[in-house]
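Encoded as structure tokens, the structure appears first; notes follow it.
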Amino acid sequence: MIYLGLISDESAAVSPLPQIHEAALRAASLAGTYLAFEVDPAQVGEAVRGLDALGFRGVNVGEPYQRAVVPHLAGLSDEAMRLGAADTLVKGAGGLWGYHTGAAGAAAAQPDDGGRSELSARAALSFELWTGIKLPPQIFLTALKSGAGL
């Protein structure tokens with residue numbers, strides 16, 4: 001079973017990420033789940049250590065915590081180190097490692113789509129980092145578009 005998730009502030013409750021990553025797990029025929037967690041800002045470190053201890057393979061990090069997670073990680077990608085922030089955590093040697101998917105999202109951004117193409121590209125890259133499976137961003141975009149209110 002693959003455990004994936006999101007840590008963020010109160011916005012975790014309305015995030016489309018669980019829906020689109022659950023669709024990706026189904027598309028890749030992987031048994032897994034994606035859970036969203038609202039984390040108190042003072043407990044970000046405890047949340048990172050807890051998710052690592054529970055065996056989460058990957059975690060998205062909401063905007064308010066992307067800098068706060070850095071001191072609690074086993075390491076950082078070059079991009080995350082350069083930015084001093086991580087939006088994607090991946091299980092690796094010694095714990096969770098931080099990555100940043102912003103450049104991939106910016107490259108895929110389409111005008112006038114409400115940020116859907118950017119979010120889909122970033123989700124596709126996170127999923128690939130977590131599973132080693134490269135799914136087309138269209139799978140994520142379709143799941144995002146089918147969500148209520150999206």
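A note on labels: chains of the structure tokens are A, B, ... as shown, every chain counts residues from 1, and ligands are counted from 1 in their shown order.
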
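By chain and then residue number, the residues within 12 Å of Arg82 (chain A) are Arg67, Val70, Leu76, Gly98, Tyr99 and His100 of chain A, counting only C-alpha atoms and disregarding those fewer than 6 positions away in sequence.
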
Write out as a ChimeraX atom specification which residues come within 10 Å of region 23-38 of chain A when counting only C-alpha atoms, dropping same-chain ones fewer than 2 positions away. /A:1-21,40-41,47,56,58-62,123-124,127,131,133-137,139-140,142-144

One number please: CA of Glu118 (chain A) to CA of Ala86 (chain A), in Å, one decimal. 16.7 Å

Counting only C-alpha atoms, which of A:Gly92, A:Gly45, A:Pro64, A:Gly114 gets nearest to Ser77 (chain A)? A:Gly92

Straight-line distance linking CA of Arg116 (chain A) with CA of Glu22 (chain A), stated in Å to one decimal: 16.8 Å
